[in-house]
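The structure appears right after this line, and notes come after that.
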Amino acid sequence: MLRQANQTVAKLFDSDCIFLKATLRQPNDDAVKDEIEELKNVKGSKKKLTVLVETNGGYIETVERIVSVFRKHYDVVEYVVPNYAYSAGTILVLSGDEIYMDYYSVLGPIDPQMEDDDGKLVPGMGLK
């Protein structure tokens with residue numbers, strides 16, 4: 001069902017398409033790389049990628065790796081945010097050539113997190 005939806009979006013945008021609904025952390029960057037490499041091996045692959053994204057965020061290092069994969073294989077990368085892309089997701093979306101949102105879509109905030117002495121994630125400015 002998801003592949004069929006991706007194919008429908010791909011036709012609308014005249015692009016390859018993936019749907020990224022995940023926390024931006026390892027090993028999800030590996031899964032994205034594998035999916036993109038599989039897409040590029042399909043006859044008729046496009047030079048443009050459309051990414052439908054919904055994420056609570058994650059790690060900036062993971063975002064950097066995902067963006068590197070997208071940019072290696074595609075000349076144009078577009079993002080569609082039907083709902084939300086927070087924190088590292090905002091950074092991912094801002095790496096695009098085009099961003100499509102509607103009145104209900106949300107980006108941000110970018111909120112760097114660090115582990116405290118108990119191993120809990122807290123805002124970087126909250127560490128003492």
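Identifiers in this document derive from the order of the structure tokens: chains are assigned A, B, ..., residues are numbered from 1 separately in each chain, and ligands are numbered from 1 in order of occurrence.
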
task: Excluding Pro112 (chain A) and any residue of its chain fewer than 4 positions from it, enumerate the residues within 10 Å of it, using only C-alpha atoms, and give them as a PyMOL selection string.
output: chain A and resi 58-60+87-88+121-125

Take the residues from that selection and write them out as a PDB file, in the first residue's frame, keeping C-alpha atoms.
ATOM      1  CA  GLY A  58      16.780  12.955  16.107  1.00  0.00           C
ATOM      2  CA  TYR A  59      20.491  13.357  15.609  1.00  0.00           C
ATOM      3  CA  ILE A  60      22.086  15.951  13.343  1.00  0.00           C
ATOM      4  CA  SER A  87      14.170  19.616  15.535  1.00  0.00           C
ATOM      5  CA  ALA A  88      16.579  17.613  13.341  1.00  0.00           C
ATOM      6  CA  LEU A 121      18.031  13.856  27.238  1.00  0.00           C
ATOM      7  CA  VAL A 122      17.675  17.503  28.254  1.00  0.00           C
ATOM      8  CA  PRO A 123      17.867  20.737  26.255  1.00  0.00           C
ATOM      9  CA  GLY A 124      21.484  21.824  25.800  1.00  0.00           C
ATOM     10  CA  MET A 125      20.840  25.077  27.634  1.00  0.00           C
TER      11      MET A 125
END

message: Based on the backbone DSSP call, show me all residues of chain A assigned strand (DSSP E), as a ChimeraX atom specification.
response: /A:16-21,48-54,76-81,84-85,98-101,106-107,113-115,121-123

- request: Kindly indicate which residue among A:Asp97, A:Asp117, A:Asp111, A:Glu61 lies nearest to Tyr79 (chain A), using only C-alpha atoms for the distances.
  value: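 Of A:Asp97, A:Asp117, A:Asp111, A:Glu61, the one nearest Tyr79 (chain A) is A:Asp97, counting only C-alpha atoms.
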
- prompt: Using only C-alpha atoms, which of A:Gln7, A:Gln113, A:Ser15, A:Thr23 sits nearest Lys48 (chain A)?
  reply: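 Once distances to Lys48 (chain A) are computed over only C-alpha atoms, the minimum belongs to A:Ser15.
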
message: I'd like the neighbourhood of Ser95 (chain A) as a PyMOL selection string, where a residue qualifies if any of its atoms comes within 9 Å (using only C-alpha atoms), though same-chain residues fewer than 2 positions away should be ignored.
response: chain A and resi 67+77-78+90-93+97-98

- prompt: Where does DSSP see helix (DSSP H, G or I) in region 1-126 of chain A, if you list the residues as number ranges by chain?
  reply: A: 2-13, 28-40, 60-73, 88-94, 124-126

- prompt: For Asn28 (chain A), which residue out of A:Met114, A:Val106, A:Val63, A:Val80 is the nearest one, using only C-alpha atoms?
  reply: A:Val63

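CA of Asn41 (chain A) is positioned 18.6 Å from CA of Asp29 (chain A).
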
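Residue nearest Arg71 (chain A) within the list A:Leu49, A:Thr55, A:Gly44, A:Asn83: A:Leu49 [criterion: smallest interatomic distance, only C-alpha atoms].
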
Spatial neighbours of Phe19 (chain A), 9 Å, only C-alpha atoms, chain gap at least 4 places, as a ChimeraX atom specification: /A:2,6,50-54

Prev. selection, C-alpha atoms, output as a PDB file, in the first residue's frame:
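Saved to out26.pdb:
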ATOM      1  CA  LEU A   2       2.847   2.405   0.880  1.00  0.00           C
ATOM      2  CA  ASN A   6       4.713   6.525  -3.209  1.00  0.00           C
ATOM      3  CA  THR A  50      10.330  13.988  -3.322  1.00  0.00           C
ATOM      4  CA  VAL A  51      10.472  13.119   0.387  1.00  0.00           C
ATOM      5  CA  LEU A  52       7.273  13.027   2.432  1.00  0.00           C
ATOM      6  CA  VAL A  53       8.501  13.511   5.976  1.00  0.00           C
ATOM      7  CA  GLU A  54       7.037  13.231   9.456  1.00  0.00           C
TER       8      GLU A  54
END

field: Nearest to Arg3 (chain A) by atom-to-atom distance, counting only C-alpha atoms, from A:Tyr104, A:Asp116, A:Ile110, A:Leu39
entry: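 Of all the options, A:Leu39 lies closest to Arg3 (chain A).
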
task: Compare A:Ser105, A:Glu38, A:Asp16, A:Lys47 by their minimum atom-to-atom distance to Val76 (chain A), counting only C-alpha atoms, and give me the closest one.
output: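 Among the listed residues, the smallest separation from Val76 (chain A) belongs to A:Lys47.
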